[in-house]
Amino acid sequence: MAEVAAVQPRRMPGAGKSWGTQRRVSRGLTYLAIFILVLIFAFPLYFMAITSLMTQFETYIWPPLLYPKSWQWKNYIEMSSKVPLWLWFWNTTRITFLTVLGTTLSCTVVAYGFARFRFPLRNLLFLLTLGTMMFPAQITLIPQFILFHRLGWINTFKPLTVPSFFGGGAFFIFLMRQFIMQIPRDLDEAALIDGASYPRLLTSILMPLMKPAIGTVAIISFMGAWNDFMGPLIYLQSNKFFTLAVGLRYWDTQPALGELSLTHLMMAMCVIVATPCIILFFSAQKIFVEGIVMSGIKG
Amino acid sequence: MAAAVKRRHTGTGIYGAIARSVGRSPTEVREAGWGMIFVSPWVLGLIIFTVGPIIASLYYSFTEYDILGSPVWIGLENYARAFSLGKIIPAFAQIKGDRLTGLAISKTLIYAGVLVPVGTTGSLLLALLLNQQLRGSYLFRTLFYIPSLVPSIASVMLWKYLMHPRVGLINSALAAIGIQGPGWLDHPKTALMAVILIGLWGSMGGNRMLIFLAGLQSVPRELYEAAELDGAGSWGRFANVTLPMISPTVLFNLILGVIGALQVFTIAFAGTSGGPSYATWFFALHIYRQAFEYFRMGYGCALAWVFALGVLFFTWVQMSASARWVFYAGGK
């Protein structure tokens with residue numbers, strides 16, 4: 001008790017003037033650190049956005065302009081006359097949409113099976129599922145390519161979308177299973193007694209309760225499909241099937257086009273690739289952040 | 001009530017027949033049947049897209065296969081080439097070793113060896129900064145997070161521009177204060193470092209930071225108060241309360257970070273093409289080149305197995321070392 005009394009006065013707020021000053025200084029330093037960090041993290045993106053709206057000449061000026069003198073929205077139109085930008089955008093959208101649809105639907109169903117039913121070999125199968133998460137994607141890359149090559153699926157979107165309809169991957173199944181297991185079984189039993197079938201139980205009782213988890217899976221799989229580079233690189237070989245990611249790389253490797261002199265156009269394309277992800281983040285920030293955290297803590 | 005449900009399915013029909021033969025109640029059989037139906041897409045997918053390919057990959061790794069012909073069994077030759085065993089084992093004397101494999105391993109280890117410790121520490125520091133209840137911390141969190149939302153291919157293109165040796169923003173700024181900037185991605189001595197910096201920019205404020213932040217916020221206040229009463233300063237509170245309490249999160253982030261870092265591909269592929277002078281010749285790039293540019297599918301599979309075993313090894317090491325430093329507050 002005496003010890004506590006001896007320690008406490010030192011911590012009384014406003015006990016000494018110097019303590020307050022010290023506090024203000026440390027607050028100031030914290031804000032300075034944050035300012036520098038914001039500069040490092042966010043400024044390059046701001047720079048990307050403004051460069052995409054400059055004239056070619058303005059990209060050379062030193063010191064660099066902090067905003068374009070005249071907003072060159074026509075850069076975006078010029079870019080789309082040089083490469084089939086909107087076709088690539090549409091391709092990326094289609095692949096992403098199908099992947100998200102396949103992943104959310106099939107992983108919900110599969111996770112329901114793992115979470116609520118007892119059947120032979122269930123635990124072994126689930127362990128095997130978790131085990132596949134340990135392997136890097138490279139191990140299946142080549143045999144999958146050979147498989148899809150034999151099926152005649154090269155230069156189609158199928159290798160990128162069809163697998164997602166088969167459970168969508170161990171990680172999503174795991175995440176969804178954990179979520180379903182938190183939902184009390186009483187609801188299931190009540191619905192079954194009322195005569196609901198198992199599929200009916202899933203669609204009308206559980207799925208409405210699973211909205212946050214479904215949202216999380218949709219967002220993470222959207223980011224994965226939209227940003228995927230190696231998949232489209234391997235499977236999409238002709239220009240008209242490209243996604244934005246491989247299109248961007250294609251533009252960069254064209255000797256006459258990818259020259260640094262056309263940086264403003266290159267940045268315009270970067271903006272187009274990045275914008276949907278950023279919009280998604282801002283429009284679903286809550287689910288997004290909670291989902292990431294949920295995956296981190298449950299995983 | 002339960003009896004009523006049970007009776008509905010007794011006797012006749014397929015459930016009744018199976019139930020009698022396995023000695024279980026029809027309800028249980030019905031449940032098992034539905035369960036198997038629900039997981040069946042995944043079972044199929046697991047066989048077709050994961051387990052099957054993993055086994056096929058092992059088989060192909062003992063063959064020479066250019067995808068147009070058919071695979072030819074060559075035993076351990078691909079592995080002998082990968083590790084240049086010709087010099088050591090006389091049986092493989094005629095096989096030319098692949099110098100690039102060793103190089104790829106060392107470049108990948110350097111990349112992961114710098115990126116993971118620096119990146120994880122950085123993410124933790126950012127999370128600590130955001131956890132101080134500052135005004136605007138919500139905004140700062142968003143600003144730190146945004147780079148990780150940018151598709152890696154776009155961030156590579158952006159940084160190629162910013163790091164351009166002559167006209168890039170960074171070197172221009174350095175020149176303005178009288179410093180001759182490095183060649184960044186264009187110079188063999190600095191390319192690996194430049195790739196690491198791009199990797200850090202895209203990952204430090206990302207998911208890892210959010211997970212750390214949630215971990216920090218879940219540490220009970222009472223623990224800090226107790227530590228304070230015991231006379232712990234801010235460092236003492238961090239080392240004795242914060243760190244043990246978030247250690248499971250640290251382990252999770254480390255394991256995922258290592259797996260991700262070892263697979264580095266896009267930055268090197270689009271940023272440097274593995275160069276200059278093989279300075280950024282990472283393992284995933286090495287596999288890609290062998291398989292999809294030279295169509296050495298067999299050799300590519302052998303490399304992929306070496307790679308997978310390497311990744312598994314690092315995960316295993318971290319898991320087994322974790323018993324010494326990870327603290328589970330709720331017991332294990």
# chains A, B, ... in the order shown; residues from 1 in each chain; ligands from 1
$ select_by_dssp --residues "stretch 61-266 of chain A" --states "helix (DSSP H, G or I)" --output "PyMOL selection string"
chain A and resi 74-82+85-116+122-132+138-150+158-165+170-182+185-193+198-209+211-227+230-235+239-241+244-253+260-266
$ residues_around --residues "stretch 103-108 of chain A" --least-positions-apart "4" --cutoff "6 Å" --atoms "only C-alpha atoms" --output "PDB file with C-alpha atoms, in the first residue's frame"
ATOM      1  CA  THR A  99     -13.868 -15.370 -59.658  1.00  0.00           C
ATOM      2  CA  SER A 164     -12.739 -20.697 -58.079  1.00  0.00           C
ATOM      3  CA  PHE A 165     -16.066 -22.522 -58.422  1.00  0.00           C
ATOM      4  CA  GLY A 167     -14.415 -24.194 -53.134  1.00  0.00           C
ATOM      5  CA  GLY A 168     -12.355 -21.089 -53.843  1.00  0.00           C
ATOM      6  CA  ILE A 173     -13.138 -22.208 -46.616  1.00  0.00           C
TER       7      ILE A 173
END
$ closest_atom_pairs --of "stretch 58-157 of chain A" --to "stretch 269-286 of chain A" --cutoff "12 Å" --atoms "only C-alpha atoms" --output "tab-separated table"
residue	atom	partner	partner_atom	distance
A:Asn75	CA	A:Met269	CA	9.5
A:Tyr76	CA	A:Met269	CA	7.7
A:Ile77	CA	A:Met269	CA	10.6
A:Glu78	CA	A:Met269	CA	10.7
A:Met79	CA	A:Met269	CA	7.4
A:Ser80	CA	A:Met269	CA	9.0
A:Lys82	CA	A:Met269	CA	11.3
A:Val83	CA	A:Met269	CA	10.1
A:Pro84	CA	A:Met269	CA	11.3
A:Leu85	CA	A:Met269	CA	8.2
A:Trp86	CA	A:Ile272	CA	9.9
A:Trp88	CA	A:Val273	CA	10.1
A:Phe89	CA	A:Val273	CA	8.2
A:Trp90	CA	A:Val273	CA	11.7
A:Thr92	CA	A:Val273	CA	9.6
A:Thr93	CA	A:Pro276	CA	9.9
A:Thr96	CA	A:Pro276	CA	11.3
$ interface_residues --of "chain A" --to "chain B" --cutoff "6 Å" --atoms "only C-alpha atoms" --output "number ranges by chain"
A: 41-42, 109-110, 113, 117-119, 136, 138-140, 143, 166-167, 227, 270, 274, 293, 296
$ decode --residues "stretch 220-295 of chain A" --atoms "C-alpha atoms" --output "PDB file, in the first residue's frame"
ATOM      1  CA  ILE A 220     -10.292 -10.440 -50.593  1.00  0.00           C
ATOM      2  CA  SER A 221     -11.023 -12.518 -53.687  1.00  0.00           C
ATOM      3  CA  PHE A 222     -11.764  -9.362 -55.678  1.00  0.00           C
ATOM      4  CA  MET A 223      -8.368  -7.930 -54.767  1.00  0.00           C
ATOM      5  CA  GLY A 224      -6.682 -11.215 -55.605  1.00  0.00           C
ATOM      6  CA  ALA A 225      -8.325 -11.557 -59.010  1.00  0.00           C
ATOM      7  CA  TRP A 226      -8.006  -7.897 -60.006  1.00  0.00           C
ATOM      8  CA  ASN A 227      -4.335  -7.726 -59.039  1.00  0.00           C
ATOM      9  CA  ASP A 228      -3.365 -11.165 -60.310  1.00  0.00           C
ATOM     10  CA  PHE A 229      -0.396 -10.931 -62.602  1.00  0.00           C
ATOM     11  CA  MET A 230       1.193 -14.345 -62.983  1.00  0.00           C
ATOM     12  CA  GLY A 231      -2.040 -16.166 -63.902  1.00  0.00           C
ATOM     13  CA  PRO A 232      -3.027 -13.910 -66.806  1.00  0.00           C
ATOM     14  CA  LEU A 233       0.626 -13.713 -67.847  1.00  0.00           C
ATOM     15  CA  ILE A 234       0.771 -17.463 -68.301  1.00  0.00           C
ATOM     16  CA  TYR A 235      -2.686 -18.207 -69.675  1.00  0.00           C
ATOM     17  CA  LEU A 236      -3.554 -15.164 -71.779  1.00  0.00           C
ATOM     18  CA  GLN A 237      -1.170 -14.915 -74.660  1.00  0.00           C
ATOM     19  CA  SER A 238      -2.922 -12.811 -77.234  1.00  0.00           C
ATOM     20  CA  ASN A 239      -3.432  -9.126 -76.917  1.00  0.00           C
ATOM     21  CA  LYS A 240      -7.226  -9.150 -77.069  1.00  0.00           C
ATOM     22  CA  PHE A 241      -7.540 -11.410 -74.000  1.00  0.00           C
ATOM     23  CA  PHE A 242      -5.190  -9.393 -71.797  1.00  0.00           C
ATOM     24  CA  THR A 243      -6.153  -8.083 -68.411  1.00  0.00           C
ATOM     25  CA  LEU A 244      -5.090  -4.614 -67.303  1.00  0.00           C
ATOM     26  CA  ALA A 245      -2.150  -6.001 -65.318  1.00  0.00           C
ATOM     27  CA  VAL A 246      -0.564  -7.848 -68.234  1.00  0.00           C
ATOM     28  CA  GLY A 247      -1.590  -5.027 -70.578  1.00  0.00           C
ATOM     29  CA  LEU A 248       0.352  -2.595 -68.448  1.00  0.00           C
ATOM     30  CA  ARG A 249       3.416  -4.790 -68.646  1.00  0.00           C
ATOM     31  CA  TYR A 250       2.884  -5.214 -72.414  1.00  0.00           C
ATOM     32  CA  TRP A 251       2.785  -1.446 -72.876  1.00  0.00           C
ATOM     33  CA  ASP A 252       5.965  -1.143 -70.838  1.00  0.00           C
ATOM     34  CA  THR A 253       7.843  -3.610 -73.067  1.00  0.00           C
ATOM     35  CA  GLN A 254       6.896  -1.977 -76.374  1.00  0.00           C
ATOM     36  CA  PRO A 255      10.131  -0.210 -77.354  1.00  0.00           C
ATOM     37  CA  ALA A 256       8.528   2.671 -79.220  1.00  0.00           C
ATOM     38  CA  LEU A 257       5.663   3.137 -76.790  1.00  0.00           C
ATOM     39  CA  GLY A 258       7.019   2.345 -73.368  1.00  0.00           C
ATOM     40  CA  GLU A 259       9.649   5.060 -73.586  1.00  0.00           C
ATOM     41  CA  LEU A 260       9.846   7.224 -70.555  1.00  0.00           C
ATOM     42  CA  SER A 261       8.769  10.153 -72.696  1.00  0.00           C
ATOM     43  CA  LEU A 262       5.227   8.814 -72.484  1.00  0.00           C
ATOM     44  CA  THR A 263       5.234   8.607 -68.706  1.00  0.00           C
ATOM     45  CA  HIS A 264       2.067  10.665 -68.421  1.00  0.00           C
ATOM     46  CA  LEU A 265       0.190   7.993 -70.402  1.00  0.00           C
ATOM     47  CA  MET A 266       1.770   5.180 -68.417  1.00  0.00           C
ATOM     48  CA  MET A 267       0.648   6.854 -65.184  1.00  0.00           C
ATOM     49  CA  ALA A 268      -2.860   7.245 -66.624  1.00  0.00           C
ATOM     50  CA  MET A 269      -2.982   3.504 -67.107  1.00  0.00           C
ATOM     51  CA  CYS A 270      -1.651   2.882 -63.593  1.00  0.00           C
ATOM     52  CA  VAL A 271      -4.461   5.069 -62.267  1.00  0.00           C
ATOM     53  CA  ILE A 272      -7.014   3.019 -64.183  1.00  0.00           C
ATOM     54  CA  VAL A 273      -5.600  -0.249 -62.813  1.00  0.00           C
ATOM     55  CA  ALA A 274      -5.485   0.991 -59.229  1.00  0.00           C
ATOM     56  CA  THR A 275      -8.749   2.962 -59.018  1.00  0.00           C
ATOM     57  CA  PRO A 276     -11.263   0.099 -58.652  1.00  0.00           C
ATOM     58  CA  CYS A 277      -9.325  -1.335 -55.690  1.00  0.00           C
ATOM     59  CA  ILE A 278      -9.159   2.041 -53.995  1.00  0.00           C
ATOM     60  CA  ILE A 279     -12.866   2.731 -54.621  1.00  0.00           C
ATOM     61  CA  LEU A 280     -13.742  -0.678 -53.205  1.00  0.00           C
ATOM     62  CA  PHE A 281     -11.699   0.080 -50.118  1.00  0.00           C
ATOM     63  CA  PHE A 282     -13.347   3.398 -49.476  1.00  0.00           C
ATOM     64  CA  SER A 283     -16.862   2.150 -50.138  1.00  0.00           C
ATOM     65  CA  ALA A 284     -16.533  -0.884 -47.881  1.00  0.00           C
ATOM     66  CA  GLN A 285     -13.865   0.223 -45.461  1.00  0.00           C
ATOM     67  CA  LYS A 286     -15.534  -1.271 -42.410  1.00  0.00           C
ATOM     68  CA  ILE A 287     -16.019  -4.788 -43.815  1.00  0.00           C
ATOM     69  CA  PHE A 288     -12.610  -4.520 -45.437  1.00  0.00           C
ATOM     70  CA  VAL A 289     -10.678  -3.737 -42.276  1.00  0.00           C
ATOM     71  CA  GLU A 290     -12.706  -6.068 -40.064  1.00  0.00           C
ATOM     72  CA  GLY A 291     -12.276  -8.831 -42.601  1.00  0.00           C
ATOM     73  CA  ILE A 292      -8.511  -8.470 -42.738  1.00  0.00           C
ATOM     74  CA  VAL A 293      -8.378  -8.454 -38.963  1.00  0.00           C
ATOM     75  CA  MET A 294     -10.683 -11.458 -38.712  1.00  0.00           C
ATOM     76  CA  SER A 295      -8.496 -13.385 -41.160  1.00  0.00           C
TER      77      SER A 295
END
